[in-house]
$ cat work11.cif   # mmCIF, C-alpha atoms
data_input
loop_
_atom_site.label_atom_id
_atom_site.label_comp_id
_atom_site.auth_asym_id
_atom_site.auth_seq_id
_atom_site.Cartn_x
_atom_site.Cartn_y
_atom_site.Cartn_z
CA MET A 1 0.00 0.00 0.00
CA THR A 2 1.36 3.41 -0.93
CA LEU A 3 0.90 6.56 1.08
CA PHE A 4 -1.50 7.82 -1.56
CA SER A 5 -3.90 4.98 -0.88
CA ARG A 6 -4.48 6.38 2.59
CA PHE A 7 -6.00 9.58 1.28
CA ARG A 8 -9.75 9.75 1.12
CA ARG A 9 -11.57 10.14 -2.16
CA PRO A 10 -8.68 9.20 -4.48
CA ARG A 11 -10.78 9.96 -7.57
CA ARG A 12 -11.36 13.49 -6.39
CA LEU A 13 -7.62 13.83 -5.67
CA ALA A 14 -6.81 12.61 -9.17
CA ALA A 15 -9.22 15.12 -10.64
CA GLU A 16 -7.60 17.96 -8.69
CA LEU A 17 -3.94 17.09 -9.21
CA GLY A 18 -3.90 15.21 -12.46
CA PHE A 19 -2.86 11.63 -13.16
CA PHE A 20 0.90 12.17 -12.93
CA ASN A 21 0.85 14.24 -9.72
CA THR A 22 -1.57 11.90 -7.97
CA TYR A 23 0.73 8.92 -8.43
CA LEU A 24 3.97 10.90 -8.49
CA SER A 25 5.77 8.51 -6.14
CA LEU A 26 5.12 5.58 -8.48
CA TRP A 27 6.28 7.51 -11.54
CA ILE A 28 9.46 8.63 -9.81
CA VAL A 29 10.27 5.05 -8.78
CA ALA A 30 9.59 3.84 -12.32
CA ALA A 31 11.82 6.59 -13.76
CA ILE A 32 14.64 5.72 -11.35
CA LEU A 33 14.48 2.01 -12.19
CA ALA A 34 14.25 2.70 -15.93
CA GLY A 35 17.18 5.11 -15.75
CA LEU A 36 19.37 2.66 -13.86
CA ALA A 37 18.48 -0.17 -16.26
CA LEU A 38 19.04 1.88 -19.42
CA GLY A 39 22.21 3.48 -18.05
CA SER A 40 23.63 0.03 -17.35
CA LEU A 41 22.56 -1.66 -20.57
CA VAL A 42 22.96 1.13 -23.14
CA PRO A 43 25.07 3.90 -21.58
CA ALA A 44 26.04 5.24 -25.02
CA ALA A 45 22.41 6.17 -25.66
CA PHE A 46 22.74 8.99 -23.14
CA ALA A 47 26.27 10.12 -23.95
CA TRP A 48 25.02 12.72 -26.46
CA ILE A 49 23.43 14.74 -23.63
CA ARG A 50 26.87 15.71 -22.34
CA VAL A 51 27.77 17.41 -25.64
CA PHE A 52 25.23 20.24 -25.36
CA ASP A 53 27.12 22.58 -23.05
CA LEU A 54 27.18 26.36 -23.12
CA GLY A 55 29.09 28.38 -20.54
CA GLY A 56 29.06 25.45 -18.11
CA VAL A 57 25.28 24.97 -18.48
CA ASN A 58 24.02 21.79 -20.12
CA LEU A 59 21.34 22.83 -22.61
CA ALA A 60 19.46 19.52 -22.57
CA ILE A 61 19.08 19.65 -18.79
CA ALA A 62 18.25 23.36 -19.01
CA ALA A 63 15.41 22.67 -21.46
CA LEU A 64 13.84 20.09 -19.14
CA VAL A 65 14.22 22.32 -16.09
CA TRP A 66 12.63 25.22 -17.96
CA LEU A 67 9.76 22.98 -19.04
CA MET A 68 9.09 22.16 -15.38
CA ILE A 69 9.45 25.58 -13.77
CA PHE A 70 8.26 28.03 -16.45
CA PRO A 71 4.51 27.23 -16.09
CA THR A 72 4.83 27.69 -12.33
CA MET A 73 6.44 31.09 -12.83
CA VAL A 74 3.54 32.10 -15.09
CA LYS A 75 0.99 31.02 -12.46
CA VAL A 76 2.54 33.00 -9.60
CA ASP A 77 0.65 36.23 -8.94
CA TYR A 78 3.25 38.62 -7.57
CA SER A 79 0.59 41.27 -6.95
CA GLN A 80 -0.55 39.16 -4.00
CA LEU A 81 2.71 39.90 -2.19
CA ALA A 82 1.15 43.16 -1.01
CA GLU A 83 -1.92 41.32 0.27
CA GLY A 84 -0.12 38.82 2.48
CA SER A 85 -0.26 40.71 5.79
CA GLY A 86 -2.97 38.37 7.03
CA TRP A 87 -0.48 35.53 6.87
CA SER A 88 2.47 37.48 8.24
CA LYS A 89 3.36 34.95 10.95
CA GLY A 90 3.36 32.07 8.49
CA LEU A 91 5.54 34.02 6.10
CA VAL A 92 8.00 34.83 8.90
CA VAL A 93 8.27 31.14 9.82
CA SER A 94 8.64 30.18 6.15
CA ALA A 95 11.31 32.76 5.32
CA ALA A 96 13.28 32.21 8.53
CA THR A 97 13.42 28.42 8.30
CA THR A 98 13.94 28.36 4.53
CA TRP A 99 16.67 30.97 4.20
CA LEU A 100 18.19 31.65 7.63
CA ILE A 101 18.29 28.12 9.01
CA ALA A 102 17.96 25.33 6.41
CA PRO A 103 20.98 26.12 4.18
CA PHE A 104 23.31 26.33 7.18
CA THR A 105 22.02 23.24 9.00
CA MET A 106 22.33 21.31 5.72
CA ALA A 107 25.95 22.45 5.40
CA VAL A 108 26.68 21.44 8.99
CA LEU A 109 24.97 18.04 8.72
CA ALA A 110 26.58 17.25 5.36
CA THR A 111 30.04 18.24 6.57
CA TYR A 112 29.74 16.29 9.82
CA PHE A 113 28.32 13.07 8.42
CA LEU A 114 30.23 12.87 5.13
CA THR A 115 33.64 14.07 6.32
CA VAL A 116 33.65 13.00 9.98
CA ALA A 117 31.08 10.37 10.99
CA PHE A 118 31.33 8.43 7.70
CA ALA A 119 34.99 9.20 6.99
CA ALA A 120 35.93 5.53 7.22
CA TRP A 121 33.65 4.67 4.25
CA ILE A 122 33.90 7.78 2.06
CA PRO A 123 37.19 8.69 0.30
CA PRO A 124 38.31 12.22 1.23
CA ALA A 125 38.60 13.07 -2.47
CA ASP A 126 34.86 12.44 -2.90
CA ALA A 127 33.58 13.73 0.44
CA GLY A 128 33.94 17.41 -0.50
CA GLY A 129 31.93 16.86 -3.68
CA TYR A 130 29.15 15.10 -1.81
CA VAL A 131 29.03 17.96 0.68
CA ALA A 132 28.85 20.46 -2.19
CA GLY A 133 25.89 18.62 -3.70
CA LEU A 134 23.98 18.63 -0.43
CA ILE A 135 24.76 22.32 0.10
CA LEU A 136 23.25 23.06 -3.32
CA LEU A 137 20.11 21.18 -2.29
CA GLY A 138 19.93 23.05 1.02
CA ALA A 139 20.37 26.44 -0.63
CA ALA A 140 17.69 25.80 -3.27
CA PRO A 141 14.31 25.76 -1.49
CA CYS A 142 11.30 24.44 -3.37
CA THR A 143 9.28 26.74 -5.62
CA GLY A 144 7.11 24.46 -7.76
CA MET A 145 6.51 21.09 -6.12
CA VAL A 146 5.40 22.74 -2.88
CA LEU A 147 2.20 23.66 -4.72
CA VAL A 148 1.52 19.93 -5.06
CA TRP A 149 2.44 19.15 -1.46
CA SER A 150 0.24 22.00 -0.23
CA ARG A 151 -2.77 20.75 -2.17
CA LEU A 152 -2.30 17.26 -0.74
CA THR A 153 -2.62 18.75 2.77
CA ARG A 154 -5.52 21.08 1.84
CA GLY A 155 -3.24 24.04 2.40
CA ASP A 156 -4.37 27.61 1.77
CA ALA A 157 -3.74 28.04 -1.97
CA THR A 158 -3.28 31.80 -1.90
CA PHE A 159 -0.88 31.66 1.03
CA THR A 160 1.15 28.98 -0.75
CA VAL A 161 1.37 31.09 -3.89
CA ILE A 162 2.57 34.05 -1.81
CA GLN A 163 5.25 31.82 -0.27
CA VAL A 164 6.36 30.74 -3.74
CA ALA A 165 6.47 34.35 -4.93
CA ILE A 166 8.61 35.41 -1.97
CA ASN A 167 10.89 32.41 -2.47
CA ASP A 168 11.34 33.28 -6.13
CA VAL A 169 12.32 36.85 -5.34
CA ILE A 170 14.75 35.83 -2.60
CA LEU A 171 16.16 33.07 -4.82
CA VAL A 172 17.16 35.58 -7.47
CA LEU A 173 19.00 37.72 -4.94
CA ALA A 174 20.41 35.16 -2.52
CA PHE A 175 21.11 31.87 -4.29
CA ALA A 176 24.46 32.66 -5.92
CA PRO A 177 26.06 34.50 -2.96
CA LEU A 178 24.69 31.97 -0.45
CA VAL A 179 26.08 29.02 -2.42
CA ALA A 180 29.41 30.79 -2.87
CA ILE A 181 29.67 31.43 0.88
CA LEU A 182 28.65 27.93 1.94
CA LEU A 183 30.85 26.16 -0.60
CA GLY A 184 33.71 28.43 0.43
CA VAL A 185 33.20 27.41 4.05
CA ALA A 186 33.20 23.78 2.93
CA ASN A 187 36.50 24.47 1.09
CA VAL A 188 35.09 23.57 -2.31
CA GLU A 189 36.40 25.56 -5.25
CA ILE A 190 33.69 26.82 -7.59
CA PRO A 191 33.93 28.67 -10.91
CA ALA A 192 32.15 31.95 -10.15
CA ARG A 193 31.25 32.52 -13.80
CA THR A 194 29.46 29.17 -14.09
CA LEU A 195 27.53 29.80 -10.87
CA LEU A 196 26.45 33.22 -12.15
CA VAL A 197 25.40 31.82 -15.54
CA SER A 198 23.46 28.99 -13.84
CA THR A 199 21.63 31.44 -11.59
CA ILE A 200 20.66 33.60 -14.57
CA VAL A 201 19.55 30.64 -16.72
CA PHE A 202 17.64 28.70 -14.08
CA VAL A 203 16.32 31.45 -11.80
CA VAL A 204 16.39 34.95 -13.25
CA LEU A 205 15.31 34.24 -16.83
CA PRO A 206 12.39 31.89 -15.99
CA LEU A 207 11.13 34.33 -13.35
CA VAL A 208 11.32 37.36 -15.67
CA ALA A 209 9.89 35.45 -18.64
CA GLY A 210 7.07 34.00 -16.53
CA ALA A 211 6.14 37.39 -15.12
CA ALA A 212 6.19 38.97 -18.60
CA VAL A 213 4.02 36.24 -20.13
CA ARG A 214 1.58 36.42 -17.21
CA ARG A 215 1.26 40.19 -17.57
CA ARG A 216 0.54 39.87 -21.28
CA LEU A 217 -2.04 37.12 -20.71
CA LEU A 218 -3.81 39.16 -18.03
CA THR A 219 -4.16 42.12 -20.36
CA ARG A 220 -5.65 39.88 -23.04
CA GLY A 221 -8.08 37.76 -21.02
CA GLY A 222 -7.45 37.94 -17.28
CA ASP A 223 -7.04 34.88 -15.07
CA ASP A 224 -8.91 32.69 -17.57
CA ALA A 225 -6.23 33.40 -20.16
CA VAL A 226 -3.54 32.40 -17.67
CA ARG A 227 -5.35 29.13 -16.94
CA ARG A 228 -5.83 28.36 -20.65
CA PHE A 229 -2.14 28.98 -21.27
CA THR A 230 -0.76 26.94 -18.36
CA THR A 231 -3.19 23.98 -18.40
CA PRO A 232 -1.64 22.28 -21.48
CA PHE A 233 1.76 22.53 -19.78
CA GLU A 234 0.71 20.46 -16.74
CA PRO A 235 1.20 16.99 -18.28
CA LEU A 236 4.36 18.24 -20.01
CA THR A 237 5.69 19.54 -16.68
CA SER A 238 5.11 16.20 -14.97
CA GLY A 239 6.49 14.36 -17.98
CA GLY A 240 9.57 16.59 -17.97
CA LEU A 241 10.23 15.68 -14.35
CA ILE A 242 9.94 11.97 -15.12
CA VAL A 243 12.27 12.25 -18.13
CA LEU A 244 14.78 14.32 -16.18
CA VAL A 245 14.89 11.80 -13.33
CA MET A 246 15.32 8.94 -15.79
CA ILE A 247 18.16 10.72 -17.62
CA LEU A 248 19.95 11.67 -14.42
CA PHE A 249 19.85 8.14 -13.04
CA ALA A 250 20.90 6.74 -16.41
CA LEU A 251 23.93 9.05 -16.40
CA GLN A 252 24.72 8.11 -12.79
CA ALA A 253 23.78 4.42 -13.13
CA GLU A 254 27.32 3.10 -12.77
CA GLN A 255 28.02 5.12 -9.64
CA VAL A 256 24.65 4.38 -8.03
CA LEU A 257 24.80 0.63 -8.72
CA MET A 258 28.47 0.29 -7.81
CA ARG A 259 28.14 2.42 -4.66
CA PRO A 260 24.78 1.62 -3.09
CA PHE A 261 26.25 1.96 0.39
CA THR A 262 27.60 5.42 -0.46
CA VAL A 263 24.15 6.43 -1.73
CA LEU A 264 22.71 5.30 1.60
CA LEU A 265 25.29 7.34 3.52
CA ILE A 266 24.55 10.46 1.46
CA ALA A 267 20.84 10.01 2.17
CA VAL A 268 21.33 10.10 5.96
CA PRO A 269 21.94 13.87 6.38
CA LEU A 270 19.24 14.59 3.79
CA ILE A 271 16.63 12.62 5.72
CA ILE A 272 17.64 14.11 9.08
CA GLN A 273 17.52 17.62 7.58
CA ALA A 274 14.06 17.08 6.08
CA TYR A 275 12.39 15.83 9.26
CA ALA A 276 14.20 18.35 11.46
CA MET A 277 13.16 21.32 9.29
CA PHE A 278 9.59 20.09 9.13
CA ALA A 279 9.43 19.62 12.90
CA LEU A 280 10.93 23.06 13.55
CA ALA A 281 8.60 24.92 11.18
CA TYR A 282 5.50 22.90 12.13
CA LEU A 283 6.01 23.30 15.87
CA TRP A 284 6.81 26.99 15.41
CA ALA A 285 3.54 27.39 13.50
CA TRP A 286 1.72 25.47 16.25
CA ALA A 287 3.25 27.71 18.93
CA TRP A 288 2.04 30.78 17.04
CA ARG A 289 -1.45 29.26 16.75
CA LEU A 290 -1.48 29.09 12.96
CA ARG A 291 -4.25 26.97 11.50
CA ALA A 292 -3.36 23.77 9.66
CA SER A 293 -4.01 25.22 6.19
CA ILE A 294 -1.17 27.68 6.88
CA ALA A 295 1.07 25.53 9.08
CA ALA A 296 1.32 22.63 6.61
CA PRO A 297 2.53 24.56 3.53
CA THR A 298 4.79 26.64 5.80
CA ALA A 299 6.52 23.51 7.05
CA LEU A 300 6.58 21.76 3.68
CA ILE A 301 8.25 24.61 1.82
CA ALA A 302 10.94 24.72 4.52
CA THR A 303 11.54 21.01 4.00
CA SER A 304 11.50 20.40 0.25
CA SER A 305 14.21 21.33 -2.25
CA PHE A 306 14.29 22.85 -5.71
CA PHE A 307 16.23 19.77 -6.76
CA GLU A 308 15.94 20.56 -10.47
CA LEU A 309 17.97 23.75 -9.88
CA ALA A 310 20.45 22.00 -7.56
CA ILE A 311 21.07 19.23 -10.09
CA ALA A 312 21.52 21.61 -12.99
CA VAL A 313 23.95 23.81 -11.06
CA ALA A 314 25.90 20.78 -9.77
CA ILE A 315 26.34 19.53 -13.32
CA GLY A 316 27.38 22.99 -14.50
CA LEU A 317 29.86 23.55 -11.68
CA PHE A 318 31.35 20.09 -11.28
CA GLY A 319 30.29 17.91 -14.25
CA PHE A 320 27.94 14.98 -14.90
CA ASP A 321 30.17 12.37 -13.26
CA SER A 322 31.10 14.43 -10.21
CA PRO A 323 30.36 13.43 -6.60
CA ALA A 324 28.33 16.65 -6.31
CA ALA A 325 26.04 15.61 -9.18
CA LEU A 326 25.58 12.18 -7.59
CA ALA A 327 24.64 13.79 -4.26
CA THR A 328 21.95 15.94 -5.87
CA VAL A 329 20.57 12.88 -7.67
CA VAL A 330 20.35 11.12 -4.30
CA GLY A 331 18.30 14.16 -3.25
CA VAL A 332 15.70 13.16 -5.84
CA LEU A 333 15.73 9.61 -4.52
CA VAL A 334 15.01 10.86 -1.00
CA GLU A 335 12.72 13.81 -1.73
CA VAL A 336 9.49 12.21 -2.90
CA PRO A 337 9.05 9.43 -0.31
CA VAL A 338 10.11 11.75 2.53
CA MET A 339 7.75 14.52 1.41
CA LEU A 340 4.86 12.10 1.06
CA SER A 341 5.46 10.86 4.61
CA LEU A 342 5.44 14.46 5.84
CA VAL A 343 2.19 15.10 3.95
CA ALA A 344 0.72 12.12 5.80
CA ILE A 345 1.95 13.52 9.15
CA ALA A 346 0.44 16.92 8.36
CA ASN A 347 -2.91 15.37 7.45
CA ARG A 348 -3.05 13.19 10.55
CA SER A 349 -2.16 16.07 12.88
CA ARG A 350 -4.54 18.56 11.25
CA SER A 351 -7.10 18.45 14.04
CA TRP A 352 -4.38 18.92 16.66
CA ILE A 353 -3.01 21.99 14.90
CA ASP A 354 -6.46 23.50 14.36
CA ALA A 355 -7.44 22.85 17.97
CA ARG A 356 -4.48 24.90 19.12
CA ALA A 357 -5.26 27.67 16.58
CA THR A 358 -8.87 28.02 17.73
CA ALA A 359 -8.25 27.64 21.48
CA ILE A 360 -8.67 30.72 23.67
CA ALA A 361 -5.27 31.93 24.76
#
$ encode --input "work11.cif" --output "structure tokens"
Amino acid sequence: MTLFSRFRRPRRLAAELGFFNTYLSLWIVAAILAGLALGSLVPAAFAWIRVFDLGGVNLAIAALVWLMIFPTMVKVDYSQLAEGSGWSKGLVVSAATTWLIAPFTMAVLATYFLTVAFAAWIPPADAGGYVAGLILLGAAPCTGMVLVWSRLTRGDATFTVIQVAINDVILVLAFAPLVAILLGVANVEIPARTLLVSTIVFVVLPLVAGAAVRRRLLTRGGDDAVRRFTTPFEPLTSGGLIVLVMILFALQAEQVLMRPFTVLLIAVPLIIQAYAMFALAYLWAWAWRLRASIAAPTALIATSSFFELAIAVAIGLFGFDSPAALATVVGVLVEVPVMLSLVAIANRSRSWIDARATAIA
């Protein structure tokens, strides 16, 4: 039995989220297995992907990432940023845990486990790369998939969109300097030019293009025009994620299959980070008496990663076969099952959170 089977009214859920998103965990598992099988049997079939490189950015990966994130950027209504005062506490919790805590705790956990606790099993030459990959995951908070996680917990849709909008704005300003600082602390050399190009390609350009397209659509037909434009992208977005996961695991098949124990070790700090960030944000929201529809998306956005961005930047900075790229791919392996378990926790504790929110102080 999967976690999805525990949700009530699965047909209604499928109607709301779409076929791919409803059974996302199954599709991700299938993509991982297919990627590992194809990467082992016909590795040459994926070698061509490495050729398309421009300024340290792989164009094939960039196209798939754009396909996934551009529709989300078009959907985000940045005008609602000025209307978010009613959710100010939730936004404070979200911003604080996402940007002031999570990147640094991820750096600490990755450095401790991969260079100290697991030093006997991880070669020093690879440990720094694994740490770099996890730092990229920690510094790239989720912008798109959190919309799915929020809907699975019946989160406040408008509040979630405002969170995404704020994250997008901060991401443009903070991602490159934050990564440079954290990788510098971890003593990992990075090409500044490649990091800058990656930030522009995967953050700035999609955000600007999405905002421009949204503005044009609104002038032509309002919100209905936006919906008509983005709806056809939804299956393509989900399909792009599946294809990207398959390609990444095909390219990393040899390393994953030859180093299953290393993959398990890399997953340890990721799992600890995810549950710790969720617990911190969720309990903070509970202490501030936020209702469940606000508390759940607040905690989930602090927990999940913009792994598409982290993977693309890792490949650009360190290469397809680098330990950093492998670490970000392990992030995909961990992300979906962990997030689904947290969705289940949020749903089961909904009444407890709401009871606190409605109690007389």
$ resolve_selection --input "work11.cif" --expression "the PyMOL selection byres ((chain A and resi 150) around 9)" --output "PDB file with C-alpha atoms, in the coordinates of the input"
ATOM      1  CA  MET A 145       6.510  21.090  -6.120  1.00  0.00           C
ATOM      2  CA  VAL A 146       5.400  22.740  -2.880  1.00  0.00           C
ATOM      3  CA  LEU A 147       2.200  23.660  -4.720  1.00  0.00           C
ATOM      4  CA  VAL A 148       1.520  19.930  -5.060  1.00  0.00           C
ATOM      5  CA  TRP A 149       2.440  19.150  -1.460  1.00  0.00           C
ATOM      6  CA  ARG A 151      -2.770  20.750  -2.170  1.00  0.00           C
ATOM      7  CA  LEU A 152      -2.300  17.260  -0.740  1.00  0.00           C
ATOM      8  CA  THR A 153      -2.620  18.750   2.770  1.00  0.00           C
ATOM      9  CA  ARG A 154      -5.520  21.080   1.840  1.00  0.00           C
ATOM     10  CA  GLY A 155      -3.240  24.040   2.400  1.00  0.00           C
ATOM     11  CA  ASP A 156      -4.370  27.610   1.770  1.00  0.00           C
ATOM     12  CA  ALA A 157      -3.740  28.040  -1.970  1.00  0.00           C
ATOM     13  CA  THR A 160       1.150  28.980  -0.750  1.00  0.00           C
ATOM     14  CA  SER A 293      -4.010  25.220   6.190  1.00  0.00           C
ATOM     15  CA  ALA A 296       1.320  22.630   6.610  1.00  0.00           C
ATOM     16  CA  PRO A 297       2.530  24.560   3.530  1.00  0.00           C
ATOM     17  CA  THR A 298       4.790  26.640   5.800  1.00  0.00           C
ATOM     18  CA  LEU A 300       6.580  21.760   3.680  1.00  0.00           C
ATOM     19  CA  ILE A 301       8.250  24.610   1.820  1.00  0.00           C
ATOM     20  CA  VAL A 343       2.190  15.100   3.950  1.00  0.00           C
TER      21      VAL A 343
END
$ closest_residue --input "work11.cif" --among "A:Ala310, A:Val330, A:Ala95, A:Ala357" --to "Ile162 (chain A)" --atoms "only C-alpha atoms"
A:Ala95
$ closest_residue --input "work11.cif" --among "A:Ala132, A:Ala60, A:Leu38, A:Met68" --to "Phe233 (chain A)" --atoms "all atoms listed in the file"
A:Met68
$ residues_around --input "work11.cif" --residues "Trp284 (chain A)" --least-positions-apart "2" --cutoff "12 Å" --atoms "all atoms listed in the file" --output "VMD selection string"
chain A and resid 89 to 94 96 to 97 277 to 282 286 to 291 294 to 296 298 to 299 302 353
$ closest_residue --input "work11.cif" --among "A:Phe320, A:Phe202, A:Ser79, A:Val179" --to "Ile247 (chain A)" --atoms "only C-alpha atoms"
A:Phe320
$ closest_residue --input "work11.cif" --among "A:Leu178, A:Val334, A:Val268, A:Val226" --to "Ser25 (chain A)" --atoms "only C-alpha atoms"
A:Val334
$ axis_aligned_box --input "work11.cif" --around "region 121-131 of chain A" --padding-each-side "6 Å" --output "JSON"
{"center_x": 33.8, "center_y": 11.3, "center_z": 0.3, "size_x": 21.6, "size_y": 25.3, "size_z": 19.9}
